[in-house]
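J.: Input structure: protein_34.pdb, which contains PDB, C-alpha atoms, pLDDT in the B column.
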```pdb
ATOM      1  CA  ALA A   1     -85.549  81.375 -14.039  1.00 71.00           C
ATOM      2  CA  GLU A   2     -86.364  78.829 -16.749  1.00 82.00           C
ATOM      3  CA  GLY A   3     -90.061  78.861 -15.808  1.00 83.00           C
ATOM      4  CA  MET A   4     -90.193  82.639 -16.252  1.00 88.00           C
ATOM      5  CA  LYS A   5     -89.068  82.674 -19.897  1.00 89.00           C
ATOM      6  CA  GLY A   6     -91.591  84.544 -22.024  1.00 90.00           C
ATOM      7  CA  ILE A   7     -93.411  86.026 -19.001  1.00 93.00           C
ATOM      8  CA  ASP A   8     -94.011  89.742 -19.606  1.00 95.00           C
ATOM      9  CA  ALA A   9     -95.771  90.594 -16.337  1.00 97.00           C
ATOM     10  CA  VAL A  10     -96.985  88.974 -13.121  1.00 97.00           C
ATOM     11  CA  VAL A  11    -100.110  89.604 -11.028  1.00 97.00           C
ATOM     12  CA  PHE A  12    -100.076  88.457  -7.402  1.00 97.00           C
ATOM     13  CA  THR A  13    -103.475  88.066  -5.750  1.00 93.00           C
ATOM     14  CA  GLY A  14    -105.033  88.492  -2.322  1.00 89.00           C
ATOM     15  CA  GLY A  15    -105.424  85.730   0.242  1.00 87.00           C
ATOM     16  CA  GLU A  16    -104.690  84.733   3.796  1.00 88.00           C
ATOM     17  CA  ASP A  17    -102.387  86.533   6.223  1.00 88.00           C
ATOM     18  CA  ILE A  18     -98.624  86.362   5.758  1.00 89.00           C
ATOM     19  CA  SER A  19     -96.834  84.489   8.520  1.00 87.00           C
ATOM     20  CA  PRO A  20     -95.437  86.981  11.043  1.00 85.00           C
ATOM     21  CA  THR A  21     -92.149  85.023  10.947  1.00 85.00           C
ATOM     22  CA  LEU A  22     -91.449  86.777   7.608  1.00 87.00           C
ATOM     23  CA  PHE A  23     -91.977  90.296   8.956  1.00 81.00           C
ATOM     24  CA  LYS A  24     -89.048  92.716   9.166  1.00 78.00           C
ATOM     25  CA  GLU A  25     -89.537  92.546  12.922  1.00 77.00           C
ATOM     26  CA  VAL A  26     -90.636  88.958  13.589  1.00 75.00           C
ATOM     27  CA  LYS A  27     -93.822  88.870  15.651  1.00 73.00           C
ATOM     28  CA  GLU A  28     -95.857  86.321  17.511  1.00 72.00           C
ATOM     29  CA  TRP A  29     -99.255  85.273  16.165  1.00 69.00           C
ATOM     30  CA  HIS A  30    -101.686  88.173  16.665  1.00 68.00           C
ATOM     31  CA  GLY A  31    -104.249  86.016  18.469  1.00 69.00           C
ATOM     32  CA  ILE A  32    -107.199  86.421  16.096  1.00 68.00           C
ATOM     33  CA  GLU A  33    -108.685  82.940  15.898  1.00 67.00           C
ATOM     34  CA  ALA A  34    -110.261  83.415  12.465  1.00 63.00           C
ATOM     35  CA  GLU A  35    -106.917  84.541  11.006  1.00 64.00           C
ATOM     36  CA  LYS A  36    -104.525  81.820  12.139  1.00 66.00           C
ATOM     37  CA  ASP A  37    -104.379  79.774   8.962  1.00 71.00           C
ATOM     38  CA  TYR A  38    -101.147  80.802   7.265  1.00 79.00           C
ATOM     39  CA  ASN A  39    -100.015  79.151   4.076  1.00 87.00           C
ATOM     40  CA  PRO A  40     -96.254  78.587   4.468  1.00 88.00           C
ATOM     41  CA  THR A  41     -95.872  77.152   0.964  1.00 92.00           C
ATOM     42  CA  ARG A  42     -97.516  80.192  -0.589  1.00 94.00           C
ATOM     43  CA  ASP A  43     -95.561  82.557   1.679  1.00 94.00           C
ATOM     44  CA  VAL A  44     -92.240  81.141   0.477  1.00 94.00           C
ATOM     45  CA  SER A  45     -93.357  80.868  -3.151  1.00 95.00           C
ATOM     46  CA  ASP A  46     -94.704  84.435  -3.273  1.00 96.00           C
ATOM     47  CA  TYR A  47     -91.659  85.821  -1.450  1.00 96.00           C
ATOM     48  CA  LEU A  48     -89.213  84.163  -3.844  1.00 96.00           C
ATOM     49  CA  LEU A  49     -91.154  84.915  -7.038  1.00 96.00           C
ATOM     50  CA  LEU A  50     -91.798  88.522  -6.061  1.00 97.00           C
ATOM     51  CA  SER A  51     -88.116  88.979  -5.182  1.00 97.00           C
ATOM     52  CA  TYR A  52     -87.208  87.528  -8.586  1.00 96.00           C
ATOM     53  CA  CYS A  53     -89.624  89.874 -10.384  1.00 97.00           C
ATOM     54  CA  ILE A  54     -88.084  92.870  -8.599  1.00 97.00           C
ATOM     55  CA  ASP A  55     -84.517  91.730  -9.319  1.00 96.00           C
ATOM     56  CA  GLN A  56     -85.342  91.136 -13.001  1.00 96.00           C
ATOM     57  CA  ASP A  57     -87.493  94.303 -13.309  1.00 96.00           C
ATOM     58  CA  ILE A  58     -90.530  92.329 -14.468  1.00 97.00           C
ATOM     59  CA  PRO A  59     -93.701  94.464 -14.381  1.00 98.00           C
ATOM     60  CA  THR A  60     -95.720  93.287 -11.384  1.00 97.00           C
ATOM     61  CA  LEU A  61     -99.086  94.147  -9.834  1.00 97.00           C
ATOM     62  CA  CYS A  62     -99.642  93.051  -6.229  1.00 97.00           C
ATOM     63  CA  ILE A  63    -103.220  93.009  -4.897  1.00 94.00           C
ATOM     64  CA  CYS A  64    -104.177  93.076  -1.183  1.00 91.00           C
ATOM     65  CA  ARG A  65    -102.176  90.294   0.528  1.00 93.00           C
ATOM     66  CA  ALA A  66     -99.639  90.626  -2.269  1.00 96.00           C
ATOM     67  CA  ALA A  67     -99.219  94.353  -1.534  1.00 95.00           C
ATOM     68  CA  GLN A  68     -98.410  93.334   2.025  1.00 94.00           C
ATOM     69  CA  MET A  69     -95.934  90.759   0.695  1.00 96.00           C
ATOM     70  CA  LEU A  70     -94.371  93.494  -1.461  1.00 97.00           C
ATOM     71  CA  ALA A  71     -93.914  95.515   1.723  1.00 95.00           C
ATOM     72  CA  VAL A  72     -92.359  92.508   3.490  1.00 94.00           C
ATOM     73  CA  VAL A  73     -89.990  91.838   0.557  1.00 96.00           C
ATOM     74  CA  SER A  74     -89.096  95.543   0.570  1.00 95.00           C
ATOM     75  CA  GLY A  75     -88.217  95.415   4.277  1.00 92.00           C
ATOM     76  CA  ALA A  76     -91.245  97.281   5.594  1.00 92.00           C
ATOM     77  CA  PRO A  77     -93.102  96.399   8.805  1.00 89.00           C
ATOM     78  CA  LEU A  78     -96.709  95.199   8.776  1.00 89.00           C
ATOM     79  CA  ILE A  79     -99.519  96.067  11.147  1.00 88.00           C
ATOM     80  CA  GLN A  80    -100.902  92.668  12.165  1.00 85.00           C
ATOM     81  CA  ASP A  81    -104.387  93.869  13.009  1.00 84.00           C
ATOM     82  CA  ILE A  82    -105.528  97.443  12.355  1.00 84.00           C
ATOM     83  CA  PRO A  83    -108.088  97.739  15.218  1.00 83.00           C
ATOM     84  CA  THR A  84    -105.570  96.291  17.713  1.00 85.00           C
ATOM     85  CA  PHE A  85    -102.880  98.682  16.448  1.00 87.00           C
ATOM     86  CA  TYR A  86    -105.205 101.662  16.894  1.00 86.00           C
ATOM     87  CA  ALA A  87    -106.042 100.571  20.441  1.00 87.00           C
ATOM     88  CA  GLN A  88    -102.328 100.241  21.262  1.00 89.00           C
ATOM     89  CA  ILE A  89    -101.566 103.797  20.124  1.00 90.00           C
ATOM     90  CA  GLY A  90    -104.703 105.236  21.752  1.00 90.00           C
ATOM     91  CA  ALA A  91    -106.350 106.276  18.482  1.00 86.00           C
ATOM     92  CA  GLU A  92    -110.036 105.980  17.663  1.00 81.00           C
ATOM     93  CA  TYR A  93    -110.846 103.517  14.900  1.00 76.00           C
ATOM     94  CA  ALA A  94    -114.358 103.907  13.530  1.00 67.00           C
ATOM     95  CA  TYR A  95    -113.672 102.674  10.005  1.00 64.00           C
ATOM     96  CA  THR A  96    -113.341  98.989   9.242  1.00 61.00           C
ATOM     97  CA  PRO A  97    -112.172  97.610   5.894  1.00 57.00           C
ATOM     98  CA  ARG A  98    -113.775  94.295   6.720  1.00 56.00           C
ATOM     99  CA  ASP A  99    -117.439  93.545   7.173  1.00 54.00           C
ATOM    100  CA  ALA A 100    -117.443  90.193   8.968  1.00 56.00           C
ATOM    101  CA  GLU A 101    -121.240  89.884   9.075  1.00 60.00           C
ATOM    102  CA  ARG A 102    -121.859  90.142   5.361  1.00 50.00           C
ATOM    103  CA  ARG A 103    -118.335  89.129   4.289  1.00 56.00           C
ATOM    104  CA  GLY A 104    -118.354  91.933   1.776  1.00 65.00           C
ATOM    105  CA  TYR A 105    -115.989  94.600   0.646  1.00 68.00           C
ATOM    106  CA  ILE A 106    -116.100  98.037   2.220  1.00 72.00           C
ATOM    107  CA  SER A 107    -115.450 100.901  -0.191  1.00 75.00           C
ATOM    108  CA  HIS A 108    -113.580 104.033   0.814  1.00 74.00           C
ATOM    109  CA  ASP A 109    -111.493 106.738  -0.826  1.00 81.00           C
ATOM    110  CA  ALA A 110    -107.695 106.864  -0.834  1.00 86.00           C
ATOM    111  CA  GLU A 111    -105.632 109.967  -1.433  1.00 88.00           C
ATOM    112  CA  ILE A 112    -102.741 109.778  -3.899  1.00 89.00           C
ATOM    113  CA  THR A 113     -99.924 111.260  -1.838  1.00 88.00           C
ATOM    114  CA  ALA A 114     -97.119 111.120  -4.429  1.00 89.00           C
ATOM    115  CA  PRO A 115     -98.035 113.362  -7.406  1.00 86.00           C
ATOM    116  CA  ASN A 116     -95.135 112.050  -9.537  1.00 87.00           C
ATOM    117  CA  SER A 117     -96.037 108.407  -8.964  1.00 91.00           C
ATOM    118  CA  LEU A 118     -97.002 105.862 -11.607  1.00 91.00           C
ATOM    119  CA  LEU A 119    -100.423 105.661  -9.997  1.00 88.00           C
ATOM    120  CA  HIS A 120    -101.032 109.387 -10.361  1.00 89.00           C
ATOM    121  CA  LYS A 121     -99.818 109.305 -13.972  1.00 91.00           C
ATOM    122  CA  ILE A 122    -102.102 106.363 -14.773  1.00 90.00           C
ATOM    123  CA  LEU A 123    -105.231 107.722 -13.051  1.00 88.00           C
ATOM    124  CA  GLY A 124    -104.594 111.433 -13.583  1.00 90.00           C
ATOM    125  CA  GLN A 125    -106.300 112.377 -10.332  1.00 89.00           C
ATOM    126  CA  ALA A 126    -105.494 112.961  -6.666  1.00 88.00           C
ATOM    127  CA  VAL A 127    -108.076 110.607  -5.117  1.00 88.00           C
ATOM    128  CA  ILE A 128    -108.994 106.999  -5.824  1.00 84.00           C
ATOM    129  CA  THR A 129    -112.693 106.774  -5.090  1.00 82.00           C
ATOM    130  CA  GLY A 130    -114.524 103.699  -3.892  1.00 78.00           C
ATOM    131  CA  THR A 131    -111.582 101.361  -3.314  1.00 78.00           C
ATOM    132  CA  PRO A 132    -113.130  97.994  -2.364  1.00 70.00           C
ATOM    133  CA  SER A 133    -111.241  96.578   0.611  1.00 74.00           C
ATOM    134  CA  TRP A 134    -111.308  93.404   2.693  1.00 73.00           C
ATOM    135  CA  HIS A 135    -108.369  93.392   5.075  1.00 77.00           C
ATOM    136  CA  HIS A 136    -107.441  93.721   8.726  1.00 81.00           C
ATOM    137  CA  GLN A 137    -103.699  94.089   8.207  1.00 85.00           C
ATOM    138  CA  ALA A 138    -101.802  96.989   6.663  1.00 87.00           C
ATOM    139  CA  ILE A 139     -98.384  98.270   5.711  1.00 91.00           C
ATOM    140  CA  GLY A 140     -96.832 100.024   8.696  1.00 87.00           C
ATOM    141  CA  SER A 141     -94.240 102.296   7.098  1.00 88.00           C
ATOM    142  CA  LEU A 142     -92.028 102.419   4.025  1.00 91.00           C
ATOM    143  CA  GLU A 143     -89.232 104.486   5.557  1.00 91.00           C
ATOM    144  CA  GLY A 144     -85.803 103.117   4.712  1.00 88.00           C
ATOM    145  CA  THR A 145     -87.058 100.954   1.818  1.00 92.00           C
ATOM    146  CA  LYS A 146     -86.894 101.272  -1.970  1.00 92.00           C
ATOM    147  CA  ALA A 147     -90.660 101.662  -2.003  1.00 91.00           C
ATOM    148  CA  ILE A 148     -92.816 104.749  -1.632  1.00 90.00           C
ATOM    149  CA  ALA A 149     -96.356 105.107  -0.370  1.00 87.00           C
ATOM    150  CA  THR A 150     -98.273 106.572  -3.262  1.00 89.00           C
ATOM    151  CA  ALA A 151    -101.767 106.515  -1.798  1.00 86.00           C
ATOM    152  CA  SER A 152    -103.187 106.440   1.687  1.00 87.00           C
ATOM    153  CA  THR A 153    -106.385 106.671   3.630  1.00 82.00           C
ATOM    154  CA  VAL A 154    -106.741 108.347   7.006  1.00 81.00           C
ATOM    155  CA  ALA A 155    -108.801 106.572   9.627  1.00 76.00           C
ATOM    156  CA  GLY A 156    -109.098 108.211  13.010  1.00 74.00           C
ATOM    157  CA  GLY A 157    -106.171 110.501  12.298  1.00 78.00           C
ATOM    158  CA  VAL A 158    -103.785 107.657  11.407  1.00 83.00           C
ATOM    159  CA  GLU A 159    -102.580 107.221   7.827  1.00 85.00           C
ATOM    160  CA  ILE A 160    -102.835 103.722   6.358  1.00 86.00           C
ATOM    161  CA  VAL A 161    -100.797 102.889   3.228  1.00 90.00           C
ATOM    162  CA  GLU A 162    -103.144 101.832   0.417  1.00 88.00           C
ATOM    163  CA  VAL A 163    -100.717 101.771  -2.536  1.00 91.00           C
ATOM    164  CA  LEU A 164     -96.962 101.354  -2.734  1.00 94.00           C
ATOM    165  CA  GLU A 165     -94.521 101.416  -5.632  1.00 95.00           C
ATOM    166  CA  ARG A 166     -90.958 100.232  -5.914  1.00 95.00           C
ATOM    167  CA  THR A 167     -88.801 103.170  -6.987  1.00 93.00           C
ATOM    168  CA  ASP A 168     -86.055 100.938  -8.408  1.00 96.00           C
ATOM    169  CA  CYS A 169     -88.300  99.181 -10.975  1.00 96.00           C
ATOM    170  CA  ARG A 170     -90.225 100.180 -14.093  1.00 95.00           C
ATOM    171  CA  PHE A 171     -93.547  98.945 -12.708  1.00 96.00           C
ATOM    172  CA  VAL A 172     -93.869  97.124  -9.411  1.00 97.00           C
ATOM    173  CA  VAL A 173     -97.035  98.378  -7.720  1.00 96.00           C
ATOM    174  CA  GLY A 174     -98.961  97.054  -4.740  1.00 95.00           C
ATOM    175  CA  VAL A 175    -102.574  98.030  -4.056  1.00 92.00           C
ATOM    176  CA  GLN A 176    -104.158  97.179  -0.707  1.00 88.00           C
ATOM    177  CA  TYR A 177    -107.620  97.194  -2.262  1.00 84.00           C
ATOM    178  CA  HIS A 178    -109.242  94.920  -4.877  1.00 79.00           C
ATOM    179  CA  PRO A 179    -109.478  96.559  -8.336  1.00 80.00           C
ATOM    180  CA  GLU A 180    -110.619  93.239  -9.828  1.00 77.00           C
ATOM    181  CA  TYR A 181    -113.740  93.387  -7.642  1.00 72.00           C
ATOM    182  CA  VAL A 182    -114.763  96.696  -9.231  1.00 66.00           C
ATOM    183  CA  LEU A 183    -114.388  95.158 -12.685  1.00 60.00           C
ATOM    184  CA  THR A 184    -116.551  92.147 -11.840  1.00 54.00           C
ATOM    185  CA  GLU A 185    -119.214  94.149 -10.022  1.00 52.00           C
ATOM    186  CA  LYS A 186    -119.506  96.965 -12.562  1.00 50.00           C
ATOM    187  CA  GLY A 187    -118.231  95.182 -15.667  1.00 47.00           C
TER
END
```
Is it possible to express this structure as structure tokens?

T.:
Amino acid sequence: AEGMKGIDAVVFTGGEDISPTLFKEVKEWHGIEAEKDYNPTRDVSDYLLLSYCIDQDIPTLCICRAAQMLAVVSGAPLIQDIPTFYAQIGAEYAYTPRDAERRGYISHDAEITAPNSLLHKILGQAVITGTPSWHHQAIGSLEGTKAIATASTVAGGVEIVEVLERTDCRFVVGVQYHPEYVLTEKG
């Protein structure tokens, strides 16, 4: 608490996968060789700091991995690997938010599903166009949590949460995409 004195807001960034031992429903490693390097120190640090920010109602923006951590802290399940998840439920998955060959972001649109959300008030529109993404995991569901899905994208008939907000805080928002990438590319 002492280290947070004078801090008006916190931004959590993207990064490696979150250890599946922190998931609401603990899972085994998903088996993707390129995605096995968890960072336990960062997992614990982010979990504790994010929990503190929520408890103290400190305005917080969570980007990509951090949006997933916000879901974990909120008690939501994570999809460990989107293509694997689609295969398990028998859905077709033609879209990929990760371009492994060129290691670049894939842009897609996301629909704002909660018209009274902070996101809708800030953007003043129903669709976020060109969200740059680089992820293979996603938020599974926000049912039973104090968070709401405020934007989503539909891939192969399955809705993927792109933005979530905590309903018990002034401003705690998680975005699955990378808004900072848009600023650096177009800024």

J.: Run through the PyMOL selection byres ((chain A and resi 80-89) around 6) on the given coordinates and return the selected residues as a VMD selection string.

T.: chain A and resid 78 to 79 90 to 91 136 to 137

J.: Where does the PyMOL selection byres ((chain A and resi 58) around 9) land in this file, that is, which residues does it pick, as a PyMOL selection string?

T.: chain A and resi 7-10+52-57+59-60+169-172

J.: Residues near A:Val158, anyone? I mean within 10 Å using all atoms listed in the file, not counting same-chain ones fewer than 3 positions away, as a count of residues only.

T.: 10

J.: Figure out the distance between atom CA of A:Ile106 and atom CA of A:Arg42, please, to one decimal in Å.

T.: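 Separation of atom CA of A:Arg42 and atom CA of A:Ile106: 25.9 Å.
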
J.: So that I can see what lies close to A:Ile128, please list as number ranges by chain the residues with an atom at most 9 Å from it, counting all atoms listed in the file and leaving out residues fewer than 3 positions away in the same chain.

T.: A: 108-112, 123, 125, 131, 151

J.: Padding 3 Å on every side, please: axis-aligned box over the listed atoms of stretch 69-75 of chain A, centre and edge lengths to one decimal in Å, as AutoDock Vina command-line options.

T.:
```
--center_x -92.1 --center_y 93.2 --center_z 1.4 --size_x 13.7 --size_y 10.8 --size_z 11.7
```

J.: Go through A:Tyr181, A:Val73, A:Thr113, A:Thr145 and flag the residue nearest A:Glu162, using only C-alpha atoms for the distances.

T.: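 Counting only C-alpha atoms, the residue closest to A:Glu162 is A:Thr113.
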
J.: Please, what distance in Å, to one decimal, runs between atom CA of A:Leu22 and atom CA of A:Thr41?

T.: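 These atoms are spaced 12.5 Å apart.
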